[in-house]
Amino acid sequence: MTSDPRVFLTLDLGAATTAAALIGRLQGQWRLLGSLAMPATSDPEPMLDLLLARLREASPQIVEELAIPARASAIGRLVARTAPRGLLAVLAPTNARRDSLAAAADRAGWRVRPASLEHGDLLKLVDAALAPGVDAALIGCADPPLGDERHRLEELNLVADAIAERRPGLPLVLSGAVAASGGQSGTTESNAEAAPARPAPERLFAPAPNAGDPPGAPLTIFLGGLRARPDDGRQGIAQATKSLAAVVDRRVEALEIGLDGGLRAAAWPSAGEPSGAGSLASESAAAALFPPEPDEATVDAVLAWSTLPLDRTRLRDRLRELRFRPWADAQGDGALLRLAAARVAVSRLIDATPAISALPPADLVVATGGVWSSGPAPAIALALADIRRRSGAAQLAIDHARLLGPLGTLDDDGERRQLIDDLLDEVLLPVGSVVVAQGLKGGRPIGRIAVRSDGRSQERELVPGGLEIVDVPPGQLASAELEFREPVTVGTRGRKFGIEVSGGLAGLIVDLRDVPLRLPEGSDRRRDQLAEWQRSLWPDLEA
Amino acid sequence: MTGPIGHPASGDNGTGGGVAMANGLGLVTARPLVQRSPTLRFPLSMADTVRVAPGQTISAGILLADRLRDPRVEETGRRRREEAGDSPLLSAGQRTWLLSGGQREPLESPISGIVRSADTATGLVVEAAADSLAGVLAIGGPSRGRLEIATGADGELRPAALDVGRSGSILVVGSRVEAETLTRARAMGVRGVVVAALSGKDLRDFEASERRQRASVHQLAPFAVLVLDGVLRRRIASPVMELLASLEGNEVAIVGDPPQLLFRRVESVPTPPADWVRVASGPMVGREGRWAGPAGPRRFGAAVHLEAGFVRFDDGPPTPVPLADLERFV
């Protein structure tokens with residue numbers, strides 16, 4: 001990419017959409033010259049050529065100054081791919097151990113095919129590992145093994161032998177006491193017909209699922225390393241988030257939602273780290289935007305966030321249809337359905353990443369992934385505010401050109417930071433700021449907010465249970481002073497708060513709703529309530 | 001709506017690569033109408049007995065494997081000794097585990113081809129000596145039979161329309177089909193159904209019916225459903241319908257991995273004009289027309305801005321349609 005110092009393309013090849021951007025160096029600084037997103041099934045070359053054609057039409061002088069070639073194929077590229085998540089057969093002695101191993105694998109970005117000896121026999125476990133599409137098998141128990149695991153250890157070793165015999169070359173990850181015993185029964189003989197010489201099975205020894213703090217963390221890291229690829233889009237986002245935190249010198253959280261899963265990455269400035277920032281990132285298949293087969297819980301959850309009058313059967317069909325064509329039907333009802341599904345995905349992502357939730361709240365929250373690319377920014381701000389129920393103030397932004405993934409694939413930390421520093425104002429679409437107050441009581445006004453920016457002042461009364469929207473344009477900083485009659489929590493507990501906020505397309509959202517958010521039980525009332533909040537940030541919804 | 005094949009204004013029956021690049025048509029997702037010599041996979045369980053070997057040339061109807069129904073593992077001991085026909089799973093020291101089960105079911109090849117792999121882990125992989133039309137989902141199968149067009153592209157087949165006269169056929173049934181129709185089709189000896197869309201409820205109902213049938217001791221005749229587009233009702237695309245019409249009366253097969261309709265190699269495929277596009281999703285789903293060039297970012301319903309292209313439907317004015325909702329056939 002860096003062989004041409006003046007212009008390059010980025011491509012984020014997601015499971016549902018492909019996003020492309022053109023970056024050029026103007027007056028000594030990297031600038032975003034254009035971006036586009038198309039279905040993943042489209043050929044990216046015509047899209048890139050269209051990107052160049054638009055730039056030629058809009059700014060021929062830039063094309064001339066940077067000597068941009070006529071065809072995109074002549075320009076260097078930085079590519080990130082969100083490959084389909086690998087499938088890991090998780091084999092355990094008990095259901096409880098199966099679940100703990102599966103959770104560690106999920107956080108490491110694997111899809112999981114679980115089986116245990118508690119509800120299955122040897123055949124079920126071996127078949128799970130030999131099933132089509134399985135990329136690796138994890139066999140594990142605690143170290144030392146628990147009572148109900150110890151007497152099944154021999155059978156687990158037999159399973160390992162049977163898998164190795166029948167599918168040599170399949171990475172076999174042994175964890176805990178299974179690893180300690182080498183994963184071999186020692187006397188196992190296969191009764192399969194004599195086979196020609198086969199490659200030796202690949203046995204990898206991983207940390208025990210009960211090791212580390214929190215338990216399973218070292219195993220998650222090990223499993224994450226097993227599927228690591230240099231152009232992995234999600235790992236790229238995690239790296240770029242780290243660089244972003246170092247550049248802006250603030251706590252940053254990235255929420256990425258994709259077709260097959262999501263990523264939550266947190267990063268904070270840290271002088272002790274060589275990169276200038278510390279970070280924690282975790283993935284989850286539970287955060288898939290449109291799961292392959294939406295179960296009852298998923299349908300219920302999407303229905304709970306939907307303002308569309310759909311019955312369960314119809315909603316399930318629409319979700320299944322979007323699984324087949326996740327890029328399609330993004331207008332009208334489709335846009336509303338997408339954001340309802342995105343809320344569910346973000347909620348599940350947050351639930352699956354308690355270690356990140358335990359960190360201090362982020363100053364800047366970045367939404368990334370194809371689902372956020374077409375909806376109106378204020379509606380996205382509301383979706384995030386609905387799910388991230390942490391008191392305090394945060395700035396919201398969207399990685400609208402999907403640059404974080406490709407930029408994160410750069411090996412050179414300094415180069416990545418320089419690019420992000422230059423592109424900061426263009427990488428992140430400023431959505432606005434959200435201030436969440438917790439511990440409000442009653443339905444009458446309980447205080448006031450005064451927002452001062454650019455020489456003008458706006459004052460509002462604060463009424464619990466609703467949203468107060470204050471116009472602060474993108475690029476502007478404002479000083480917000482909140483005064484409550486009773487002590488409340490806005491990050492800290494008190495009656496008066498002075499907060500500096502950044503503007504955006506949604507302005508400043510003062511969120512006075514319950515923490516956690518409580519919705520009416522009845523579906524009609526719930527839809528009305530959601531629609532009312534939605535109208536305040538998506539006024540031209542009916543247009 | 002007029003079908004695209006042999007459109008008098010077209011004059012171009014190629015894949016339109018040049019046109020696509022010149023007029024922005026390359027931005028529209030290309031959907032291959034016909035795939036040549038596809039590679040098929042039939043999953044195997046450890047309890048299955050494979051009857052073919054890699055490299056072997058096979059023809060339609062040949063036995064590929066014997067599948068063991070409801071396999072289970074039993075450890076040998078005083079009460080259970082190894083007998084002829086048992087499949088040993090593994091042994092350690094003095095202990096041996098055997099695979100046993102109920103009936104064996106034959107897995108017959110639906111098509112001619114060459115076996116590329118016959119391994120439990122990878123399944124039976126066959127390179128088909130045939131062409132195929134891709135779908136998004138297949139249930140049941142593999143199955144083969146004589147192709148019969150039962151309804152128009154946007155029709156719907158009712159259960160009463162099925163009788164034993166359609167036995168042995170694979171029916172093209174239009175825009176949607178109900179589980180009741182599928183169940184009756186199976187009972188009438190129909191070997192398969194090709195349909196544009198199958199709702200989630202009908203899918204679940206049919207799968208439940210299949211499970212009940214399979215739980216019986218009797219061996220079931222092959223039956224498969226191929227879903228071409230998705231879940232929500234829509235007409236079968238006219239280029240696909242033209243292809244299916246050209247295959248009527250011929251032996252075809254439905255396979256599940258990947259979901260496809262297989263048929264004898266065809267010399268010339270009835271390809272639509274290069275600029276023929278179809279709305280595959282969204283409010284105008286199912287409509288077809290001619291590509292009239294890129295429309296740039298446009299505002300659509302719910303104030304959403306999307307990349308769009310102009311499509312001329314039925315000689316009307318160019319209508320902007322989100323690019324993500326369009327497809328073209330190549």
# chains A, B, ... in the order shown; residues from 1 in each chain; ligands from 1
>>> residues_around(residues="region 201-214 of chain B", least_positions_apart="6", cutoff="9 Å", atoms="only C-alpha atoms", output="list in words")
Thr313 and Asp317 of chain A; Ile139, Gly140, Val177, Glu178, Ala179, Glu180, Leu182, Thr183 and Leu220 of chain B
>>> residues_around(residues="Pro214 (chain A)", least_positions_apart="6", cutoff="12 Å", atoms="only C-alpha atoms", output="number ranges by chain")
A: 100, 104, 220, 353-356, 358
>>> write_last_selection(atoms="all heavy atoms", output="tab-separated table (two decimals), in the first residue's frame")
chain	number	residue	atom	x	y	z
A	100	SER	N	-18.76	-23.40	29.16
A	100	SER	CA	-17.65	-22.48	29.46
A	100	SER	C	-16.63	-22.48	28.32
A	100	SER	O	-16.09	-21.44	27.95
A	100	SER	CB	-16.98	-22.83	30.79
A	100	SER	OG	-16.20	-23.99	30.67
A	104	ALA	N	-15.69	-19.21	25.76
A	104	ALA	CA	-14.31	-18.75	25.47
A	104	ALA	C	-14.08	-18.73	23.96
A	104	ALA	O	-13.47	-17.80	23.42
A	104	ALA	CB	-13.30	-19.67	26.16
A	220	THR	N	-9.21	-17.97	25.65
A	220	THR	CA	-9.76	-17.11	24.60
A	220	THR	C	-8.64	-16.53	23.74
A	220	THR	O	-8.72	-16.52	22.50
A	220	THR	CB	-10.59	-15.97	25.21
A	220	THR	OG1	-11.71	-16.53	25.89
A	220	THR	CG2	-11.09	-15.01	24.16
A	353	THR	N	-19.76	-9.50	26.63
A	353	THR	CA	-18.43	-8.94	26.92
A	353	THR	C	-18.42	-8.23	28.27
A	353	THR	O	-18.20	-7.01	28.33
A	353	THR	CB	-18.02	-7.97	25.79
A	353	THR	OG1	-19.08	-7.01	25.60
A	353	THR	CG2	-17.78	-8.67	24.48
A	354	PRO	N	-18.63	-8.97	29.35
A	354	PRO	CA	-18.71	-8.32	30.67
A	354	PRO	C	-17.39	-7.67	31.09
A	354	PRO	O	-17.41	-6.68	31.83
A	354	PRO	CB	-19.08	-9.48	31.61
A	354	PRO	CG	-18.70	-10.72	30.88
A	354	PRO	CD	-18.85	-10.42	29.43
A	355	ALA	N	-16.27	-8.21	30.61
A	355	ALA	CA	-14.98	-7.64	31.01
A	355	ALA	C	-14.85	-6.21	30.49
A	355	ALA	O	-14.26	-5.34	31.16
A	355	ALA	CB	-13.84	-8.51	30.48
A	356	ILE	N	-15.40	-5.94	29.32
A	356	ILE	CA	-15.34	-4.58	28.77
A	356	ILE	C	-16.34	-3.68	29.49
A	356	ILE	O	-16.06	-2.51	29.77
A	356	ILE	CB	-15.57	-4.60	27.24
A	356	ILE	CG1	-14.43	-5.36	26.57
A	356	ILE	CG2	-15.69	-3.19	26.68
A	356	ILE	CD1	-14.54	-5.50	25.07
A	358	ALA	N	-17.02	-3.84	32.47
A	358	ALA	CA	-16.48	-3.52	33.80
A	358	ALA	C	-15.46	-2.39	33.75
A	358	ALA	O	-15.08	-1.84	34.79
A	358	ALA	CB	-15.82	-4.77	34.38
>>> residues_around(residues="Leu403 (chain A)", least_positions_apart="5", cutoff="10 Å", atoms="only C-alpha atoms", output="PDB file with all heavy atoms, in the first residue's frame")
ATOM      1  N   THR A  10      -8.921   1.765   0.108  1.00  0.00           N
ATOM      2  CA  THR A  10      -9.168   0.791   1.172  1.00  0.00           C
ATOM      3  C   THR A  10     -10.400  -0.012   0.783  1.00  0.00           C
ATOM      4  O   THR A  10     -11.334   0.519   0.197  1.00  0.00           O
ATOM      5  CB  THR A  10      -9.412   1.458   2.532  1.00  0.00           C
ATOM      6  OG1 THR A  10     -10.614   2.227   2.466  1.00  0.00           O
ATOM      7  CG2 THR A  10      -8.250   2.334   2.949  1.00  0.00           C
ATOM      8  N   LEU A  11     -10.365  -1.294   1.114  1.00  0.00           N
ATOM      9  CA  LEU A  11     -11.504  -2.175   0.856  1.00  0.00           C
ATOM     10  C   LEU A  11     -11.801  -2.941   2.128  1.00  0.00           C
ATOM     11  O   LEU A  11     -10.919  -3.589   2.684  1.00  0.00           O
ATOM     12  CB  LEU A  11     -11.163  -3.173  -0.252  1.00  0.00           C
ATOM     13  CG  LEU A  11     -11.458  -2.779  -1.689  1.00  0.00           C
ATOM     14  CD1 LEU A  11     -10.891  -3.820  -2.634  1.00  0.00           C
ATOM     15  CD2 LEU A  11     -12.947  -2.637  -1.924  1.00  0.00           C
ATOM     16  N   ASP A  12     -13.021  -2.832   2.584  1.00  0.00           N
ATOM     17  CA  ASP A  12     -13.464  -3.629   3.716  1.00  0.00           C
ATOM     18  C   ASP A  12     -14.450  -4.652   3.169  1.00  0.00           C
ATOM     19  O   ASP A  12     -15.591  -4.308   2.852  1.00  0.00           O
ATOM     20  CB  ASP A  12     -14.119  -2.732   4.780  1.00  0.00           C
ATOM     21  CG  ASP A  12     -14.461  -3.497   6.043  1.00  0.00           C
ATOM     22  OD1 ASP A  12     -14.535  -4.730   5.984  1.00  0.00           O
ATOM     23  OD2 ASP A  12     -14.668  -2.859   7.091  1.00  0.00           O
ATOM     24  N   ALA A  19     -17.167  -2.228   1.416  1.00  0.00           N
ATOM     25  CA  ALA A  19     -17.020  -0.774   1.501  1.00  0.00           C
ATOM     26  C   ALA A  19     -15.654  -0.397   0.939  1.00  0.00           C
ATOM     27  O   ALA A  19     -14.657  -1.058   1.230  1.00  0.00           O
ATOM     28  CB  ALA A  19     -17.135  -0.313   2.947  1.00  0.00           C
ATOM     29  N   ALA A  20     -15.646   0.647   0.139  1.00  0.00           N
ATOM     30  CA  ALA A  20     -14.390   1.100  -0.467  1.00  0.00           C
ATOM     31  C   ALA A  20     -14.208   2.586  -0.182  1.00  0.00           C
ATOM     32  O   ALA A  20     -15.182   3.334  -0.072  1.00  0.00           O
ATOM     33  CB  ALA A  20     -14.425   0.868  -1.973  1.00  0.00           C
ATOM     34  N   ALA A  21     -12.954   2.988  -0.042  1.00  0.00           N
ATOM     35  CA  ALA A  21     -12.659   4.409   0.149  1.00  0.00           C
ATOM     36  C   ALA A  21     -11.380   4.750  -0.599  1.00  0.00           C
ATOM     37  O   ALA A  21     -10.499   3.892  -0.779  1.00  0.00           O
ATOM     38  CB  ALA A  21     -12.513   4.725   1.639  1.00  0.00           C
ATOM     39  N   LEU A  22     -11.301   5.986  -1.015  1.00  0.00           N
ATOM     40  CA  LEU A  22     -10.113   6.480  -1.703  1.00  0.00           C
ATOM     41  C   LEU A  22      -9.451   7.512  -0.798  1.00  0.00           C
ATOM     42  O   LEU A  22     -10.089   8.468  -0.362  1.00  0.00           O
ATOM     43  CB  LEU A  22     -10.516   7.112  -3.037  1.00  0.00           C
ATOM     44  CG  LEU A  22      -9.399   7.656  -3.912  1.00  0.00           C
ATOM     45  CD1 LEU A  22      -8.477   6.530  -4.379  1.00  0.00           C
ATOM     46  CD2 LEU A  22      -9.982   8.377  -5.126  1.00  0.00           C
ATOM     47  N   ILE A  23      -8.160   7.289  -0.512  1.00  0.00           N
ATOM     48  CA  ILE A  23      -7.419   8.175   0.391  1.00  0.00           C
ATOM     49  C   ILE A  23      -6.279   8.810  -0.399  1.00  0.00           C
ATOM     50  O   ILE A  23      -5.569   8.108  -1.118  1.00  0.00           O
ATOM     51  CB  ILE A  23      -6.796   7.356   1.562  1.00  0.00           C
ATOM     52  CG1 ILE A  23      -7.823   6.407   2.185  1.00  0.00           C
ATOM     53  CG2 ILE A  23      -6.143   8.267   2.594  1.00  0.00           C
ATOM     54  CD1 ILE A  23      -8.749   6.989   3.162  1.00  0.00           C
ATOM     55  N   LEU A  32      -9.595  11.810   3.127  1.00  0.00           N
ATOM     56  CA  LEU A  32     -10.565  10.888   2.530  1.00  0.00           C
ATOM     57  C   LEU A  32     -11.177  11.584   1.319  1.00  0.00           C
ATOM     58  O   LEU A  32     -11.811  12.630   1.449  1.00  0.00           O
ATOM     59  CB  LEU A  32     -11.654  10.553   3.561  1.00  0.00           C
ATOM     60  CG  LEU A  32     -12.830   9.712   3.068  1.00  0.00           C
ATOM     61  CD1 LEU A  32     -12.392   8.328   2.635  1.00  0.00           C
ATOM     62  CD2 LEU A  32     -13.898   9.593   4.166  1.00  0.00           C
ATOM     63  N   SER A  35     -15.973   7.659  -0.749  1.00  0.00           N
ATOM     64  CA  SER A  35     -16.242   6.300  -0.270  1.00  0.00           C
ATOM     65  C   SER A  35     -17.563   5.804  -0.829  1.00  0.00           C
ATOM     66  O   SER A  35     -18.420   6.602  -1.224  1.00  0.00           O
ATOM     67  CB  SER A  35     -16.273   6.259   1.262  1.00  0.00           C
ATOM     68  OG  SER A  35     -17.353   7.015   1.753  1.00  0.00           O
ATOM     69  N   LEU A  78      -5.433  -1.310   0.441  1.00  0.00           N
ATOM     70  CA  LEU A  78      -5.329  -1.821   1.807  1.00  0.00           C
ATOM     71  C   LEU A  78      -6.633  -2.581   2.044  1.00  0.00           C
ATOM     72  O   LEU A  78      -7.706  -1.978   2.039  1.00  0.00           O
ATOM     73  CB  LEU A  78      -5.204  -0.634   2.752  1.00  0.00           C
ATOM     74  CG  LEU A  78      -4.681  -0.844   4.153  1.00  0.00           C
ATOM     75  CD1 LEU A  78      -3.347  -1.552   4.134  1.00  0.00           C
ATOM     76  CD2 LEU A  78      -4.534   0.507   4.848  1.00  0.00           C
ATOM     77  N   VAL A  79      -6.529  -3.894   2.217  1.00  0.00           N
ATOM     78  CA  VAL A  79      -7.738  -4.719   2.230  1.00  0.00           C
ATOM     79  C   VAL A  79      -7.924  -5.403   3.580  1.00  0.00           C
ATOM     80  O   VAL A  79      -6.994  -5.982   4.129  1.00  0.00           O
ATOM     81  CB  VAL A  79      -7.671  -5.794   1.118  1.00  0.00           C
ATOM     82  CG1 VAL A  79      -8.927  -6.656   1.123  1.00  0.00           C
ATOM     83  CG2 VAL A  79      -7.480  -5.144  -0.233  1.00  0.00           C
ATOM     84  N   ALA A  80      -9.120  -5.313   4.106  1.00  0.00           N
ATOM     85  CA  ALA A  80      -9.496  -6.059   5.308  1.00  0.00           C
ATOM     86  C   ALA A  80     -10.683  -6.948   4.951  1.00  0.00           C
ATOM     87  O   ALA A  80     -11.579  -6.522   4.229  1.00  0.00           O
ATOM     88  CB  ALA A  80      -9.883  -5.112   6.433  1.00  0.00           C
ATOM     89  N   GLY A 233     -10.619  -8.292   9.288  1.00  0.00           N
ATOM     90  CA  GLY A 233     -11.288  -6.998   9.466  1.00  0.00           C
ATOM     91  C   GLY A 233     -11.571  -6.673  10.923  1.00  0.00           C
ATOM     92  O   GLY A 233     -11.386  -5.537  11.363  1.00  0.00           O
ATOM     93  N   GLY A 236      -8.540  -5.876  12.737  1.00  0.00           N
ATOM     94  CA  GLY A 236      -8.134  -4.556  12.254  1.00  0.00           C
ATOM     95  C   GLY A 236      -8.859  -3.454  13.002  1.00  0.00           C
ATOM     96  O   GLY A 236      -8.252  -2.451  13.415  1.00  0.00           O
ATOM     97  N   ILE A 237     -10.148  -3.645  13.215  1.00  0.00           N
ATOM     98  CA  ILE A 237     -10.925  -2.630  13.952  1.00  0.00           C
ATOM     99  C   ILE A 237     -10.384  -2.508  15.379  1.00  0.00           C
ATOM    100  O   ILE A 237     -10.252  -1.400  15.914  1.00  0.00           O
ATOM    101  CB  ILE A 237     -12.423  -3.005  13.945  1.00  0.00           C
ATOM    102  CG1 ILE A 237     -12.984  -2.843  12.539  1.00  0.00           C
ATOM    103  CG2 ILE A 237     -13.208  -2.135  14.921  1.00  0.00           C
ATOM    104  CD1 ILE A 237     -14.360  -3.444  12.342  1.00  0.00           C
ATOM    105  N   ALA A 240      -7.153  -0.569  15.190  1.00  0.00           N
ATOM    106  CA  ALA A 240      -7.395   0.844  14.856  1.00  0.00           C
ATOM    107  C   ALA A 240      -8.025   1.578  16.038  1.00  0.00           C
ATOM    108  O   ALA A 240      -7.749   2.767  16.255  1.00  0.00           O
ATOM    109  CB  ALA A 240      -8.284   0.945  13.619  1.00  0.00           C
ATOM    110  N   THR A 368     -19.475   0.767  13.982  1.00  0.00           N
ATOM    111  CA  THR A 368     -18.895   0.399  12.687  1.00  0.00           C
ATOM    112  C   THR A 368     -19.537  -0.893  12.193  1.00  0.00           C
ATOM    113  O   THR A 368     -20.050  -1.683  12.974  1.00  0.00           O
ATOM    114  CB  THR A 368     -17.358   0.295  12.779  1.00  0.00           C
ATOM    115  OG1 THR A 368     -16.832  -0.064  11.507  1.00  0.00           O
ATOM    116  CG2 THR A 368     -16.898  -0.699  13.816  1.00  0.00           C
ATOM    117  N   GLY A 408      -6.513  -0.731  10.369  1.00  0.00           N
ATOM    118  CA  GLY A 408      -6.007  -1.578  11.445  1.00  0.00           C
ATOM    119  C   GLY A 408      -5.147  -2.731  10.973  1.00  0.00           C
ATOM    120  O   GLY A 408      -4.451  -3.352  11.772  1.00  0.00           O
ATOM    121  N   ILE A 420      -4.506   7.743  11.037  1.00  0.00           N
ATOM    122  CA  ILE A 420      -5.729   8.031  11.802  1.00  0.00           C
ATOM    123  C   ILE A 420      -5.728   9.477  12.285  1.00  0.00           C
ATOM    124  O   ILE A 420      -6.757  10.155  12.276  1.00  0.00           O
ATOM    125  CB  ILE A 420      -5.879   7.021  12.962  1.00  0.00           C
ATOM    126  CG1 ILE A 420      -6.231   5.655  12.384  1.00  0.00           C
ATOM    127  CG2 ILE A 420      -6.927   7.471  13.970  1.00  0.00           C
ATOM    128  CD1 ILE A 420      -6.364   4.545  13.390  1.00  0.00           C
ATOM    129  N   LEU A 423      -6.633  11.578   9.307  1.00  0.00           N
ATOM    130  CA  LEU A 423      -7.986  11.346   8.794  1.00  0.00           C
ATOM    131  C   LEU A 423      -9.072  11.491   9.851  1.00  0.00           C
ATOM    132  O   LEU A 423     -10.254  11.256   9.567  1.00  0.00           O
ATOM    133  CB  LEU A 423      -8.080   9.922   8.208  1.00  0.00           C
ATOM    134  CG  LEU A 423      -7.294   9.664   6.933  1.00  0.00           C
ATOM    135  CD1 LEU A 423      -7.178   8.166   6.690  1.00  0.00           C
ATOM    136  CD2 LEU A 423      -7.975  10.332   5.748  1.00  0.00           C
ATOM    137  N   GLU A 426     -12.398  12.825   9.218  1.00  0.00           N
ATOM    138  CA  GLU A 426     -13.107  12.222   8.089  1.00  0.00           C
ATOM    139  C   GLU A 426     -13.439  10.756   8.329  1.00  0.00           C
ATOM    140  O   GLU A 426     -14.393  10.237   7.767  1.00  0.00           O
ATOM    141  CB  GLU A 426     -12.261  12.382   6.821  1.00  0.00           C
ATOM    142  CG  GLU A 426     -12.237  13.835   6.367  1.00  0.00           C
ATOM    143  CD  GLU A 426     -10.952  14.219   5.656  1.00  0.00           C
ATOM    144  OE1 GLU A 426     -10.040  13.371   5.570  1.00  0.00           O
ATOM    145  OE2 GLU A 426     -10.848  15.360   5.208  1.00  0.00           O
ATOM    146  N   VAL A 427     -12.646  10.097   9.170  1.00  0.00           N
ATOM    147  CA  VAL A 427     -12.937   8.695   9.507  1.00  0.00           C
ATOM    148  C   VAL A 427     -14.247   8.619  10.265  1.00  0.00           C
ATOM    149  O   VAL A 427     -15.085   7.756  10.008  1.00  0.00           O
ATOM    150  CB  VAL A 427     -11.803   8.093  10.373  1.00  0.00           C
ATOM    151  CG1 VAL A 427     -12.240   6.769  10.974  1.00  0.00           C
ATOM    152  CG2 VAL A 427     -10.542   7.907   9.560  1.00  0.00           C
ATOM    153  N   LEU A 428     -14.411   9.529  11.205  1.00  0.00           N
ATOM    154  CA  LEU A 428     -15.555   9.452  12.107  1.00  0.00           C
ATOM    155  C   LEU A 428     -16.608  10.494  11.746  1.00  0.00           C
ATOM    156  O   LEU A 428     -16.327  11.694  11.733  1.00  0.00           O
ATOM    157  CB  LEU A 428     -15.103   9.670  13.551  1.00  0.00           C
ATOM    158  CG  LEU A 428     -14.051   8.684  14.063  1.00  0.00           C
ATOM    159  CD1 LEU A 428     -13.670   9.013  15.493  1.00  0.00           C
ATOM    160  CD2 LEU A 428     -14.541   7.248  13.970  1.00  0.00           C
TER     161      LEU A 428
END
>>> select_by_dssp(residues="region 21-114 of chain A", states="strand (DSSP E)", output="number ranges by chain")
A: 21-26, 29-39, 77-81, 87-92, 111-114
>>> closest_residue(among="B:Ser246, B:Ser167, B:Ser199, B:Gln103", to="chain A", atoms="only C-alpha atoms")
B:Ser199
>>> interface_residues(of="chain B", to="chain A", cutoff="8 Å", atoms="only C-alpha atoms", output="ChimeraX atom specification")
/B:21,24,26-30,43,45-46,72-73,88-93,120-123,136,199-201,230-232,281-283,300-307,323-325
>>> select_by_dssp(residues="region 224-357 of chain A", states="alpha helix (DSSP H)", output="PyMOL selection string")
chain A and resi 224-226+233-248+296-305+312-324+333-352+354-357
>>> residues_around(residues="Gly261 (chain A)", least_positions_apart="3", cutoff="9 Å", atoms="only C-alpha atoms", output="number ranges by chain")
A: 85, 109, 111, 256-258, 283-291, 345, 349
>>> write_last_selection(atoms="C-alpha atoms", output="PDB file, in the first residue's frame")
ATOM      1  CA  ARG A  85     -16.103 -17.210  11.282  1.00  0.00           C
ATOM      2  CA  GLY A 109     -14.422 -15.192  17.184  1.00  0.00           C
ATOM      3  CA  ARG A 111     -18.629 -20.261  15.575  1.00  0.00           C
ATOM      4  CA  GLU A 256     -18.996  -3.518  15.239  1.00  0.00           C
ATOM      5  CA  ILE A 257     -22.037  -5.453  14.085  1.00  0.00           C
ATOM      6  CA  GLY A 258     -21.741  -7.838  11.171  1.00  0.00           C
ATOM      7  CA  GLU A 283     -16.038 -10.990  19.573  1.00  0.00           C
ATOM      8  CA  SER A 284     -19.314 -12.829  19.745  1.00  0.00           C
ATOM      9  CA  ALA A 285     -21.373 -14.824  17.281  1.00  0.00           C
ATOM     10  CA  ALA A 286     -24.390 -14.005  19.437  1.00  0.00           C
ATOM     11  CA  ALA A 287     -24.140 -10.462  18.046  1.00  0.00           C
ATOM     12  CA  ALA A 288     -24.881 -11.585  14.492  1.00  0.00           C
ATOM     13  CA  LEU A 289     -27.210  -9.098  12.824  1.00  0.00           C
ATOM     14  CA  PHE A 290     -29.307 -11.758  11.128  1.00  0.00           C
ATOM     15  CA  PRO A 291     -28.593 -15.185  12.660  1.00  0.00           C
ATOM     16  CA  ALA A 345     -27.165  -7.459  18.245  1.00  0.00           C
ATOM     17  CA  LEU A 349     -22.621  -8.066  22.235  1.00  0.00           C
TER      18      LEU A 349
END
>>> atom_distance(atom1="CA of Gly176 (chain A)", atom2="CA of Arg107 (chain A)")
18.3 Å
